[in-house]
Amino acid sequence: MTSQATTGSRLVRIFPILLILPAVALVTFLVIFPLIWALGLSFYSYNVIRGGAPIFIGVENYYRLLNSLDVWRRFVLTGQFVFYAVSIEFLIGFGLAHLFYNQFRGRRLAITLVTTPLLVAPVAVGIFHRYLFDATFGIYSYIAQLITGQPVKILSQYPMFAIVFMDVWQWSPFMMLFILAGLEAIPKHMLESSEIDRLSMLAKFRYVIWPTIRPLVALALLFRTMDAFRTFDTIFTLTEGGPGTATEVLSIQIYRIAFQFFRTGEAAALAFIFLVIIVLLTNIYLRLARRE
Amino acid sequence: MANLRNNRRGRRKIVKTTLIYLSTIIAVIFFIFPIYWLVATSLKTRAQAFSTPPLFVWEPTFRNFIDIFLKRQTEIEAITGQELELATGAEIFFYNSFVVTFSSIAIATVIGVLAAYSFSRYKPAGTSTLMFFILSTRMLPAIVVAIPIYFFYRSLGLYNTYIGLILLYTMFNLPFAVWMMKSFFDEVPRDIEQAALVDGSNPVKVFYKIALPQVLVGLGATIGFLIINVWNEFLFALLLTERATRTVPVMIAGTRGEVGINWGLIAAIETLYILPALVLIFLLQRFLLRGMTFGTVRGVK
Amino acid sequence: MTRVEIRGLKKSFGPVQALRGINLEVESGALVALLGPTGAGKTTLLKCIAGVEEPDAGDILFDGQSVLGTPAWRRDVAMFFQTYALYPHMSVYDNIAYPLRERKWSRQEIDRSVKNVAEKLRIAHLLDRKDPSTLSGGEMQRVALARTLVRNPRIFLLDEPISNLDAKLREEMRTEFKRLHKELKQTIIYATPDFLEAFAIAEKVAVIKDGVILQYDTPINLLRRPKNRFVATFIGSPTINIMRGVVRRMAYGWEFSTSSLRIQLSDVGHYSKLLDGSEVELAVRPRDIVLEGPKNRNTFKAKVVAAERLGYETIVTLSLGDVELKAVTKGMRSYKYGDEVIINIPGDRVILFDVSSGEAMY
Ligand SMILES: Nc1ncnc2c1ncn2[C@@H]1O[C@H](COP(=O)(O)OP(=O)(O)OP(=O)(O)O)[C@@H](O)[C@H]1O
Ligand SMILES: [Mg+2]
């Protein structure tokens with residue numbers, strides 16, 4: 001009886017831990033450990049191709065990177081891309097959400113079709129937009145030519161437009177889903193009573209709609225901003241950072257330094273700067289969202 | 001008078017309905033067009049794909065889909081920029097993608113479901129910290145981890161192996177699986193499990209006889225999203241594979257630069273590649289938002 | 001047949017102290033009711049006894065042996081959950097059979113027991129239903145009850161088992177519980193927020209509030225000698241009348257007075273704690289007030305404010321100077337607003353409470 005009892009309670013004690021153990025082990029092995037290792041490496045000068053032992057150089061990598069005009073230009077470039085893409089996605093998503101907040105026949109199907117880009121592989125998106133934007137036989141170029149009356153080489157003339165356009169195509173539905181979820185969370189009786197009170201459209205938005213959808217808008221903007229910062233696959237396959245370095249956002253630059261020039265220590269340092277920026281941004285963002 | 005007002009209201013309603021449908025059609029065209037054009041191109045011959053102005057009406061051909069697998073090796077190599085093992089077509093990439101996706105999801109699902117259940121039910125010390133950590137891995141840029149992983153894999157002999165890629169994908173999808181499954185387990189009423197305990201089931205039995213059956217639908221949705229995550233992954237596949245283990249996205253990304261590239265064939269490969277996602281999106285509709293938000297927000301009605 | 005002892009049981013959920021030191025002894029084979037308002041901690045206490053919640057402090061003993069080390073699935077208790085907690089993915093039959101299957105009963109035995117209990121609870125026709133979530137509230141409750149009663153455990157824990165049934169079925173079930181208890185002679189702990197139900201079923205009732213047992217007594221004592229103001233007001237309908245005043249020691253004994261009435265208290269021996277001139281609350285049950293009775297020392301004139309005629313009896317609201325009282329009288333009586341009536345307040349049936357602590361002063 002007593003021995004049975006103790007095995008029983010022992011099971012209760014260790015069962016939860018047993019369940020989590022594999023997950024923790026894997027995460028430690030493949031995230032924590034590598035991250036620490038990379039942090040260490042960022043204080044060394046190391047080049048795989050050159051080989052030899054890494055040389056400890058302290059914060060020199062960081063110092064050089066933060067003083068490089070080139071790096072700052074990539075920061076600005078990345079910031080521009082994120083800002084354009086996320087704000088346009090927000091506007092389109094906002095409009096679409098209000099459209100689909102109406103009940104009409106075929107609404108379900110329309111939502112499904114509109115959200116399709118979300119799950120399409122980024123690599124496929126990038127490569128195929130190369131075809132769509134192609135200067136001679138791409139249909140987008142053809143449409144641009146119809147509008148402007150002269151041939152437009154979108155990818156070489158307006159590369160920033162191309163990557164923003166592609167991102168907007170893929171991710172606007174994401175904003176739409178969030179805002180629509182927010183709209184649907186507004187209690188029906190609140191909308192009805194605002195109708196009875198004959199609130200103006202603006203007042204209705206300000207006092208009834210906005211307070212409910214705000215947390216979801218904040219979450220959507222956070223997710224989108226962070227994801228846009230990390231964008232790699234689509235831009236890499238569409239423009240490879242080019243022409244020149246016109247679309248070489250930070251993640252592509254890090255990739256280049258690490259795997260094309262093999263300046264590993266420097267790449268690790270830049271990656272950590274990148275990480276710190278993202279963590280800071282997330283924090284500022286969460287704080288702002290909470291204060292509002 | 002009243003009639004007139006009714007009329008005006010009726011007219012306004014018609015205008016509104018027309019506007020709604022018009023905007024919906026424009027939106028659907030905007031978001032579906034590239035996918036339609038991709039599929040359309042896959043049904044064009046090389047010459048048709050190169051036509052200017054673009055061809056809207058043509059006689060569809062399935063030649064490209066056959067060529068993916070049967071075309072002589074050198075031509076696939078030329079198109080994709082990949083070296084192939086002897087006597088294979090593009091199917092080797094699909095095979096690799098399939099092996100890696102299937103294995104890593106099987107592992108991630110099992111481990112993830114167990115951990116999620118534990119977090120949801122037992123809330124062991126540090127749960128909220130761990131959950132926050134798990135959420136923050138979503139913000140982690142892949143390129144940051146890619147550098148150390150690349151050198152680890154090279155030195156550990158995991159480079160260019162299935163097991164290496166599988167481990168990695170398992171790890172990267174674990175946070176998602178845990179978070180999402182936790183949100184489903186959180187919805188199972190505690191009383192049901194407590195009733196089973198009183199009825200004589202030990203916690204292990206409660207887990208698989210009572211809790212698990214309640215979240216089967218959520219489990220399906222989670223697996224769906226995991227499939228898409230792994231199937232679409234590019235950066236690590238690019239860094240950690242060579243010809244023996246190369247997956248589809250790397251092959252597709254390799255189709256760059258060459259003049260006179262056969263876009264019809266590329267489109268066919270891409271169509272086949274994104275097909276699973278297209279099927280899943282119809283199955284996962286209800287869970288789309290949950291998957292996108294790491295399970296934190298409920299779906300759209 | 002198991003004797004249950006609970007000693008100093010404490011349980012908190014974060015900042016909420018659900019149980020703050022519960023002491024309770026349930027004799028082997030007794031049927032005890034756990035009576036308390038919502039949020040009192042009834043469910044928490046039952047879950048601790050069942051072993052699905054782990055108490056922070058204190059001990060639980062079955063037949064003198066601590067069961068804290070025994071996990072729920074080996075404690076051999078059956079519990080009816082207030083939320084029913086039916087297994088949504090199992091048919092009604094499988095729900096009821098579940099505890100027996102977990103105990104590895106034979107197929108025939110299971111079948112016999114399930115059909116038997118279903119018959120008793122009149123849900124035999126529901127046994128084949130696949131999806132218990134489509135049952136009506138009352139049906140779910142009976143299925144859950146069947147799952148609890150299907151086996152023969154050491155203790156039954158029933159958490160508001162009949163609150164969702166209609167009046168008639170509820171009455172039948174009360175009788176059924178009494179009969180079941182007589183037959184099985186099982187220890188039963190029965191939680192309910194309804195004092196009538198508790199009184200109808202149990203030999204002893206524990207009144208619980210804010211995680212503390214206020215009084216553990218027989219129904220008659222709870223009614224006649226409540227330990228404090230809360231027990232007095234929680235039990236009885238209409239609610240006991242309470243008025244505030246001062247007590248004085250007189251030649252003949254104690255006298256209670258407000259600005260408009262004086263009541264002479266008999267039974268002097270009771271009030272040992274009383275201080276001359278102190279402020280107290282006096283409580284008198286509406287059923288103890290006599291309308292139109294023979295004159296005595298405590299006869300007063302009162303005005304009718306309202307009357308509710310309930311068939312067998314009439315509840316009259318009276319105003320007596322600055323106090324308002326309710327009284328119950330037999331039969332259908334028609335009083336009009338403003339009617340003057342004579343009432344007797346029996347001096348030996350009143351209860352006095354300390355104003356600040358609310359404790360009864362016997
Ligand atoms: N799992 C829990 N988490 C947090 N608080 C809880 C939990 N369970 C119970 N409580 C709190 O403990 C207190 C007692 O709850 P309990 O369910 O035991 O009351 P009860 O007497 O059963 O009430 P009712 O008659 O409404 O069922 C309540 O304040 C409740 O909010
Ligand atoms: Mg309760």
# chains A, B, ... in the order shown; residues from 1 in each chain; ligands from 1
$ residues_around --residues "stretch 221-232 of chain A" --least-positions-apart "2" --cutoff "9 Å" --atoms "only C-alpha atoms" --output "PyMOL selection string"
(chain A and resi 78-79+81-83+85-87+89-90+122+167+171+174-175+216-219+234-237+249-252+278+281-282+285-286) or (chain B and resi 139-143+235+293)
$ residues_around --residues "C:Glu197" --least-positions-apart "5" --cutoff "12 Å" --atoms "only C-alpha atoms" --output "PDB file with N, CA, C and O atoms, in the first residue's frame"
ATOM      1  N   VAL C  32     -23.000  13.394   5.088  1.00  0.00           N
ATOM      2  CA  VAL C  32     -22.796  14.740   5.603  1.00  0.00           C
ATOM      3  C   VAL C  32     -22.946  15.733   4.457  1.00  0.00           C
ATOM      4  O   VAL C  32     -22.460  15.491   3.355  1.00  0.00           O
ATOM      5  N   ALA C  33     -23.666  16.822   4.736  1.00  0.00           N
ATOM      6  CA  ALA C  33     -23.799  17.846   3.705  1.00  0.00           C
ATOM      7  C   ALA C  33     -22.810  18.958   3.968  1.00  0.00           C
ATOM      8  O   ALA C  33     -22.544  19.312   5.116  1.00  0.00           O
ATOM      9  N   LEU C  34     -22.271  19.487   2.871  1.00  0.00           N
ATOM     10  CA  LEU C  34     -21.354  20.615   2.934  1.00  0.00           C
ATOM     11  C   LEU C  34     -22.154  21.780   2.367  1.00  0.00           C
ATOM     12  O   LEU C  34     -22.421  21.838   1.173  1.00  0.00           O
ATOM     13  N   LEU C  35     -22.560  22.680   3.256  1.00  0.00           N
ATOM     14  CA  LEU C  35     -23.489  23.727   2.852  1.00  0.00           C
ATOM     15  C   LEU C  35     -22.779  25.072   2.871  1.00  0.00           C
ATOM     16  O   LEU C  35     -22.170  25.439   3.873  1.00  0.00           O
ATOM     17  N   GLY C  36     -22.857  25.797   1.756  1.00  0.00           N
ATOM     18  CA  GLY C  36     -22.212  27.099   1.745  1.00  0.00           C
ATOM     19  C   GLY C  36     -22.558  27.879   0.498  1.00  0.00           C
ATOM     20  O   GLY C  36     -22.943  27.287  -0.509  1.00  0.00           O
ATOM     21  N   GLU C 160     -22.912  19.311  -5.709  1.00  0.00           N
ATOM     22  CA  GLU C 160     -24.171  19.844  -6.231  1.00  0.00           C
ATOM     23  C   GLU C 160     -24.771  18.924  -7.298  1.00  0.00           C
ATOM     24  O   GLU C 160     -24.968  19.330  -8.425  1.00  0.00           O
ATOM     25  N   PRO C 161     -25.078  17.698  -6.909  1.00  0.00           N
ATOM     26  CA  PRO C 161     -25.463  16.712  -7.929  1.00  0.00           C
ATOM     27  C   PRO C 161     -26.859  16.898  -8.510  1.00  0.00           C
ATOM     28  O   PRO C 161     -27.141  16.329  -9.554  1.00  0.00           O
ATOM     29  N   ILE C 162     -27.722  17.653  -7.890  1.00  0.00           N
ATOM     30  CA  ILE C 162     -29.071  17.720  -8.455  1.00  0.00           C
ATOM     31  C   ILE C 162     -29.545  19.142  -8.705  1.00  0.00           C
ATOM     32  O   ILE C 162     -30.714  19.392  -8.938  1.00  0.00           O
ATOM     33  N   SER C 163     -28.593  20.073  -8.741  1.00  0.00           N
ATOM     34  CA  SER C 163     -29.006  21.476  -8.853  1.00  0.00           C
ATOM     35  C   SER C 163     -29.681  21.793 -10.184  1.00  0.00           C
ATOM     36  O   SER C 163     -30.474  22.712 -10.275  1.00  0.00           O
ATOM     37  N   ALA C 167     -37.875  20.540 -10.440  1.00  0.00           N
ATOM     38  CA  ALA C 167     -38.265  20.402  -9.037  1.00  0.00           C
ATOM     39  C   ALA C 167     -38.700  18.987  -8.676  1.00  0.00           C
ATOM     40  O   ALA C 167     -38.322  18.439  -7.647  1.00  0.00           O
ATOM     41  N   ARG C 170     -35.848  16.529  -8.746  1.00  0.00           N
ATOM     42  CA  ARG C 170     -34.947  16.844  -7.647  1.00  0.00           C
ATOM     43  C   ARG C 170     -35.460  16.202  -6.352  1.00  0.00           C
ATOM     44  O   ARG C 170     -34.715  15.606  -5.598  1.00  0.00           O
ATOM     45  N   GLU C 171     -36.751  16.320  -6.165  1.00  0.00           N
ATOM     46  CA  GLU C 171     -37.355  15.740  -4.973  1.00  0.00           C
ATOM     47  C   GLU C 171     -37.166  14.227  -4.964  1.00  0.00           C
ATOM     48  O   GLU C 171     -36.771  13.627  -3.965  1.00  0.00           O
ATOM     49  N   GLU C 172     -37.402  13.630  -6.146  1.00  0.00           N
ATOM     50  CA  GLU C 172     -37.217  12.179  -6.249  1.00  0.00           C
ATOM     51  C   GLU C 172     -35.778  11.794  -5.958  1.00  0.00           C
ATOM     52  O   GLU C 172     -35.514  10.815  -5.266  1.00  0.00           O
ATOM     53  N   MET C 173     -34.862  12.584  -6.494  1.00  0.00           N
ATOM     54  CA  MET C 173     -33.453  12.253  -6.314  1.00  0.00           C
ATOM     55  C   MET C 173     -33.031  12.374  -4.855  1.00  0.00           C
ATOM     56  O   MET C 173     -32.202  11.608  -4.381  1.00  0.00           O
ATOM     57  N   ARG C 174     -33.618  13.334  -4.159  1.00  0.00           N
ATOM     58  CA  ARG C 174     -33.305  13.457  -2.728  1.00  0.00           C
ATOM     59  C   ARG C 174     -33.666  12.168  -1.999  1.00  0.00           C
ATOM     60  O   ARG C 174     -32.883  11.636  -1.220  1.00  0.00           O
ATOM     61  N   THR C 175     -34.865  11.703  -2.293  1.00  0.00           N
ATOM     62  CA  THR C 175     -35.291  10.454  -1.677  1.00  0.00           C
ATOM     63  C   THR C 175     -34.377   9.321  -2.102  1.00  0.00           C
ATOM     64  O   THR C 175     -33.992   8.468  -1.292  1.00  0.00           O
ATOM     65  N   PHE C 177     -31.262   9.440  -2.933  1.00  0.00           N
ATOM     66  CA  PHE C 177     -29.986   9.493  -2.212  1.00  0.00           C
ATOM     67  C   PHE C 177     -30.125   8.901  -0.820  1.00  0.00           C
ATOM     68  O   PHE C 177     -29.268   8.171  -0.349  1.00  0.00           O
ATOM     69  N   LYS C 178     -31.224   9.246  -0.155  1.00  0.00           N
ATOM     70  CA  LYS C 178     -31.419   8.731   1.198  1.00  0.00           C
ATOM     71  C   LYS C 178     -31.515   7.205   1.165  1.00  0.00           C
ATOM     72  O   LYS C 178     -30.942   6.504   1.977  1.00  0.00           O
ATOM     73  N   TYR C 190     -21.699  15.576   0.587  1.00  0.00           N
ATOM     74  CA  TYR C 190     -22.633  16.100  -0.396  1.00  0.00           C
ATOM     75  C   TYR C 190     -22.608  17.625  -0.337  1.00  0.00           C
ATOM     76  O   TYR C 190     -23.015  18.212   0.662  1.00  0.00           O
ATOM     77  N   ALA C 191     -22.089  18.279  -1.368  1.00  0.00           N
ATOM     78  CA  ALA C 191     -22.000  19.743  -1.334  1.00  0.00           C
ATOM     79  C   ALA C 191     -23.216  20.369  -1.987  1.00  0.00           C
ATOM     80  O   ALA C 191     -23.678  19.887  -3.023  1.00  0.00           O
ATOM     81  N   THR C 192     -23.732  21.399  -1.372  1.00  0.00           N
ATOM     82  CA  THR C 192     -24.885  22.093  -1.945  1.00  0.00           C
ATOM     83  C   THR C 192     -24.967  23.502  -1.371  1.00  0.00           C
ATOM     84  O   THR C 192     -24.569  23.749  -0.233  1.00  0.00           O
ATOM     85  N   ALA C 202     -29.190  15.186   4.794  1.00  0.00           N
ATOM     86  CA  ALA C 202     -28.082  14.839   5.674  1.00  0.00           C
ATOM     87  C   ALA C 202     -28.472  14.769   7.142  1.00  0.00           C
ATOM     88  O   ALA C 202     -29.393  15.430   7.589  1.00  0.00           O
ATOM     89  N   GLU C 203     -27.735  13.926   7.851  1.00  0.00           N
ATOM     90  CA  GLU C 203     -27.906  13.860   9.295  1.00  0.00           C
ATOM     91  C   GLU C 203     -27.126  14.974   9.957  1.00  0.00           C
ATOM     92  O   GLU C 203     -27.510  15.502  10.982  1.00  0.00           O
ATOM     93  N   VAL C 205     -24.709  18.595   9.012  1.00  0.00           N
ATOM     94  CA  VAL C 205     -24.412  19.575   7.980  1.00  0.00           C
ATOM     95  C   VAL C 205     -23.234  20.436   8.425  1.00  0.00           C
ATOM     96  O   VAL C 205     -23.198  20.901   9.561  1.00  0.00           O
ATOM     97  N   PRO C 219     -29.227  19.484  11.601  1.00  0.00           N
ATOM     98  CA  PRO C 219     -30.086  20.537  11.054  1.00  0.00           C
ATOM     99  C   PRO C 219     -30.822  21.309  12.132  1.00  0.00           C
ATOM    100  O   PRO C 219     -30.878  22.540  12.083  1.00  0.00           O
ATOM    101  N   ILE C 235     -29.411  30.163   6.760  1.00  0.00           N
ATOM    102  CA  ILE C 235     -30.351  29.059   6.876  1.00  0.00           C
ATOM    103  C   ILE C 235     -31.724  29.591   7.211  1.00  0.00           C
ATOM    104  O   ILE C 235     -31.872  30.466   8.067  1.00  0.00           O
ATOM    105  N   GLY C 236     -32.737  29.071   6.576  1.00  0.00           N
ATOM    106  CA  GLY C 236     -34.104  29.471   6.872  1.00  0.00           C
ATOM    107  C   GLY C 236     -34.660  30.396   5.822  1.00  0.00           C
ATOM    108  O   GLY C 236     -33.954  31.238   5.275  1.00  0.00           O
TER     109      GLY C 236
END
$ atom_distance --atom1 "atom CA of C:Ala283" --atom2 "atom CA of C:Leu352"
6.2 Å
$ residues_around --residues "B:Val110" --least-positions-apart "5" --cutoff "12 Å" --atoms "only C-alpha atoms" --output "PyMOL selection string"
(chain A and resi 19-20+22-23) or (chain B and resi 103-105+115-117+170+173-174+177-178+181+212+219+222-223)
$ select_by_dssp --residues "stretch 101-347 of chain C" --states "strand (DSSP E)" --output "ChimeraX atom specification"
/C:155-159,187-192,204-209,212-217,241-250,253-257,262-265,279-284,290-291,299-309,313-320,323-330,340-344
$ residues_near_ligand --ligand "ligand 1" --cutoff "10 Å" --atoms "only C-alpha atoms and all ligand atoms" --output "PyMOL selection string"
(chain B and resi 190-191) or (chain C and resi 11-19+34-48+53+81-83+159-160+191-194+208-211)
$ write_last_selection --atoms "C-alpha atoms" --output "CSV table (one decimal), in the first residue's frame"
chain,number,residue,atom,x,y,z
B,190,ARG,CA,-9.5,20.5,-16.2
B,191,ASP,CA,-12.5,18.9,-14.6
C,11,LYS,CA,-5.3,25.5,-0.1
C,12,SER,CA,-4.6,28.7,-2.0
C,13,PHE,CA,-4.9,29.5,-5.7
C,14,GLY,CA,-2.4,32.3,-6.1
C,15,PRO,CA,-3.7,35.1,-3.9
C,16,VAL,CA,-7.1,33.4,-3.4
C,17,GLN,CA,-7.3,31.5,-0.1
C,18,ALA,CA,-9.9,28.9,-1.0
C,19,LEU,CA,-9.5,26.9,2.2
C,34,LEU,CA,-21.4,20.6,2.9
C,35,LEU,CA,-23.5,23.7,2.9
C,36,GLY,CA,-22.2,27.1,1.7
C,37,PRO,CA,-22.7,30.0,-0.6
C,38,THR,CA,-21.0,30.3,-3.9
C,39,GLY,CA,-17.2,30.6,-3.7
C,40,ALA,CA,-17.2,29.1,-0.2
C,41,GLY,CA,-14.7,26.4,-1.1
C,42,LYS,CA,-16.9,23.4,-1.3
C,43,THR,CA,-15.6,22.2,-4.6
C,44,THR,CA,-12.0,22.8,-3.5
C,45,LEU,CA,-12.5,20.8,-0.4
C,46,LEU,CA,-14.1,17.9,-2.3
C,47,LYS,CA,-11.3,17.9,-4.8
C,48,CYS,CA,-8.7,17.8,-2.1
C,53,GLU,CA,-6.0,19.1,-5.8
C,81,PHE,CA,-18.3,17.0,-10.6
C,82,GLN,CA,-20.3,20.2,-10.5
C,83,THR,CA,-19.4,20.7,-14.2
C,159,ASP,CA,-20.7,18.3,-5.7
C,160,GLU,CA,-24.2,19.8,-6.2
C,191,ALA,CA,-22.0,19.7,-1.3
C,192,THR,CA,-24.9,22.1,-1.9
C,193,PRO,CA,-25.7,25.8,-1.6
C,194,ASP,CA,-29.3,25.0,-0.8
C,208,ILE,CA,-18.7,26.5,5.1
C,209,LYS,CA,-17.9,30.1,4.1
C,210,ASP,CA,-14.7,31.7,2.9
C,211,GLY,CA,-12.8,28.5,3.3
$ closest_residue --among "A:Pro159, A:Phe75, A:Leu39, A:Ala110" --to "A:Tyr62" --atoms "only C-alpha atoms"
A:Leu39
$ atom_distance --atom1 "atom CA of B:Ile92" --atom2 "atom CA of B:Ala40"
24.6 Å
$ interface_residues --of "chain C" --to "chain A" --cutoff "8 Å" --atoms "only C-alpha atoms" --output "list in words"
Gly69, Thr70, Pro71 and Arg74 of chain C
$ residues_around --residues "B:Ile32" --least-positions-apart "2" --cutoff "8 Å" --atoms "only C-alpha atoms" --output "PyMOL selection string"
(chain A and resi 113-114+116-117) or (chain B and resi 28-30+34-36)
$ interface_residues --of "chain C" --to "chain B" --cutoff "7 Å" --atoms "only C-alpha atoms" --output "compact mmCIF listing (two decimals) with all heavy atoms, in the first residue's frame"
# COMPACT_ATOMS: atom_id res chain seq x y z
N ALA C 50 -10.67 14.09 -2.91
CA ALA C 50 -10.54 13.15 -4.02
C ALA C 50 -9.08 12.97 -4.43
O ALA C 50 -8.72 11.96 -5.03
CB ALA C 50 -11.36 13.64 -5.21
N VAL C 52 -7.39 15.28 -6.39
CA VAL C 52 -7.04 15.93 -7.65
C VAL C 52 -6.50 17.34 -7.43
O VAL C 52 -5.95 17.94 -8.33
CB VAL C 52 -8.22 15.96 -8.65
CG1 VAL C 52 -8.53 14.56 -9.12
CG2 VAL C 52 -9.44 16.61 -8.04
N ALA C 72 -4.76 10.30 -6.63
CA ALA C 72 -6.22 10.22 -6.84
C ALA C 72 -6.66 8.87 -7.38
O ALA C 72 -7.67 8.31 -6.94
CB ALA C 72 -6.66 11.33 -7.79
N TRP C 73 -5.90 8.35 -8.36
CA TRP C 73 -6.35 7.13 -9.02
C TRP C 73 -6.24 5.88 -8.16
O TRP C 73 -6.64 4.80 -8.55
CB TRP C 73 -5.67 6.94 -10.37
CG TRP C 73 -4.17 6.76 -10.31
CD1 TRP C 73 -3.50 5.58 -10.34
CD2 TRP C 73 -3.18 7.79 -10.25
NE1 TRP C 73 -2.15 5.81 -10.28
CE2 TRP C 73 -1.92 7.15 -10.24
CE3 TRP C 73 -3.23 9.18 -10.20
CZ2 TRP C 73 -0.73 7.86 -10.18
CZ3 TRP C 73 -2.04 9.88 -10.14
CH2 TRP C 73 -0.81 9.23 -10.13
N ARG C 74 -5.65 6.03 -6.96
CA ARG C 74 -5.61 4.88 -6.07
C ARG C 74 -6.41 5.12 -4.79
O ARG C 74 -6.40 4.30 -3.89
CB ARG C 74 -4.16 4.57 -5.67
CG ARG C 74 -3.32 4.17 -6.85
CD ARG C 74 -2.42 3.00 -6.51
NE ARG C 74 -1.53 2.74 -7.62
CZ ARG C 74 -0.36 3.36 -7.77
NH1 ARG C 74 0.06 4.23 -6.87
NH2 ARG C 74 0.39 3.10 -8.81
N VAL C 77 -12.15 6.79 -4.42
CA VAL C 77 -13.34 7.57 -4.11
C VAL C 77 -14.04 7.82 -5.44
O VAL C 77 -13.43 7.70 -6.50
CB VAL C 77 -13.00 8.93 -3.45
CG1 VAL C 77 -12.25 8.73 -2.17
CG2 VAL C 77 -12.24 9.82 -4.41
N ALA C 78 -15.33 8.10 -5.37
CA ALA C 78 -16.06 8.47 -6.58
C ALA C 78 -16.53 9.90 -6.40
O ALA C 78 -16.95 10.27 -5.31
CB ALA C 78 -17.24 7.55 -6.80
N MET C 79 -16.39 10.69 -7.46
CA MET C 79 -16.80 12.08 -7.32
C MET C 79 -17.70 12.50 -8.46
O MET C 79 -17.44 12.20 -9.63
CB MET C 79 -15.56 12.98 -7.27
CG MET C 79 -15.90 14.45 -7.20
SD MET C 79 -14.53 15.45 -6.58
CE MET C 79 -15.19 17.10 -6.82
N ALA C 85 -18.30 17.19 -16.18
CA ALA C 85 -17.03 16.62 -16.65
C ALA C 85 -17.24 15.32 -17.40
O ALA C 85 -16.50 14.35 -17.20
CB ALA C 85 -16.07 16.41 -15.47
N LEU C 86 -18.23 15.28 -18.27
CA LEU C 86 -18.39 14.09 -19.12
C LEU C 86 -17.26 14.05 -20.13
O LEU C 86 -16.75 15.09 -20.54
CB LEU C 86 -19.74 14.15 -19.85
CG LEU C 86 -20.96 14.11 -18.94
CD1 LEU C 86 -22.23 14.20 -19.75
CD2 LEU C 86 -20.96 12.83 -18.12
N TYR C 87 -16.86 12.85 -20.53
CA TYR C 87 -15.80 12.73 -21.53
C TYR C 87 -16.43 12.96 -22.91
O TYR C 87 -17.22 12.13 -23.38
CB TYR C 87 -15.15 11.36 -21.46
CG TYR C 87 -14.69 11.01 -20.05
CD1 TYR C 87 -15.06 9.82 -19.43
CD2 TYR C 87 -13.90 11.91 -19.32
CE1 TYR C 87 -14.65 9.52 -18.14
CE2 TYR C 87 -13.50 11.62 -18.03
CZ TYR C 87 -13.88 10.43 -17.45
OH TYR C 87 -13.47 10.15 -16.18
N HIS C 89 -15.59 12.73 -25.92
CA HIS C 89 -15.34 11.88 -27.08
C HIS C 89 -15.86 10.46 -26.87
O HIS C 89 -15.57 9.58 -27.65
CB HIS C 89 -13.84 11.85 -27.38
CG HIS C 89 -13.02 11.39 -26.20
ND1 HIS C 89 -12.97 12.09 -25.02
CD2 HIS C 89 -12.23 10.32 -26.03
CE1 HIS C 89 -12.18 11.46 -24.17
NE2 HIS C 89 -11.71 10.38 -24.76
N PRO C 99 -15.07 4.20 -15.41
CA PRO C 99 -14.39 3.84 -14.15
C PRO C 99 -14.30 2.33 -13.94
O PRO C 99 -13.33 1.85 -13.32
CB PRO C 99 -15.27 4.47 -13.07
CG PRO C 99 -16.45 5.04 -13.73
CD PRO C 99 -16.25 5.03 -15.20
N GLU C 102 -11.47 1.00 -16.17
CA GLU C 102 -10.19 1.33 -15.58
C GLU C 102 -9.88 0.39 -14.43
O GLU C 102 -8.73 0.25 -14.02
CB GLU C 102 -10.15 2.78 -15.08
CG GLU C 102 -10.12 3.80 -16.20
CD GLU C 102 -8.89 3.64 -17.09
OE1 GLU C 102 -7.79 4.03 -16.69
OE2 GLU C 102 -9.07 3.11 -18.21
N ARG C 103 -10.90 -0.22 -13.87
CA ARG C 103 -10.68 -1.16 -12.76
C ARG C 103 -10.69 -2.59 -13.24
O ARG C 103 -10.75 -3.53 -12.45
CB ARG C 103 -11.75 -0.96 -11.70
CG ARG C 103 -11.49 0.29 -10.93
CD ARG C 103 -12.49 0.58 -9.86
NE ARG C 103 -11.97 1.67 -9.06
CZ ARG C 103 -11.86 2.92 -9.50
NH1 ARG C 103 -12.26 3.21 -10.72
NH2 ARG C 103 -11.35 3.86 -8.74
$ select_by_dssp --residues "stretch 24-197 of chain C" --states "helix (DSSP H, G or I)" --output "PyMOL selection string"
chain C and resi 42-50+72-75+92-102+107-120+124-126+132-134+137-149+167-184+195-197
$ closest_residue --among "B:Tyr159, B:Phe172, B:Phe102, B:Trp179" --to "chain A" --atoms "only C-alpha atoms"
B:Phe172
$ residues_around --residues "A:Ile213" --least-positions-apart "5" --cutoff "12 Å" --atoms "only C-alpha atoms" --output "ChimeraX atom specification"
/A:94,97-98,175-187,205-208,218-220
$ residues_around --residues "C:Leu9" --least-positions-apart "5" --cutoff "9 Å" --atoms "only C-alpha atoms" --output "list in words"
Leu19, Arg20, Gly21, Ile22, Asn23, Leu45, Cys48, Pro55, Asp56, Ala57, Gly58, Asp59 and Ile60 of chain C
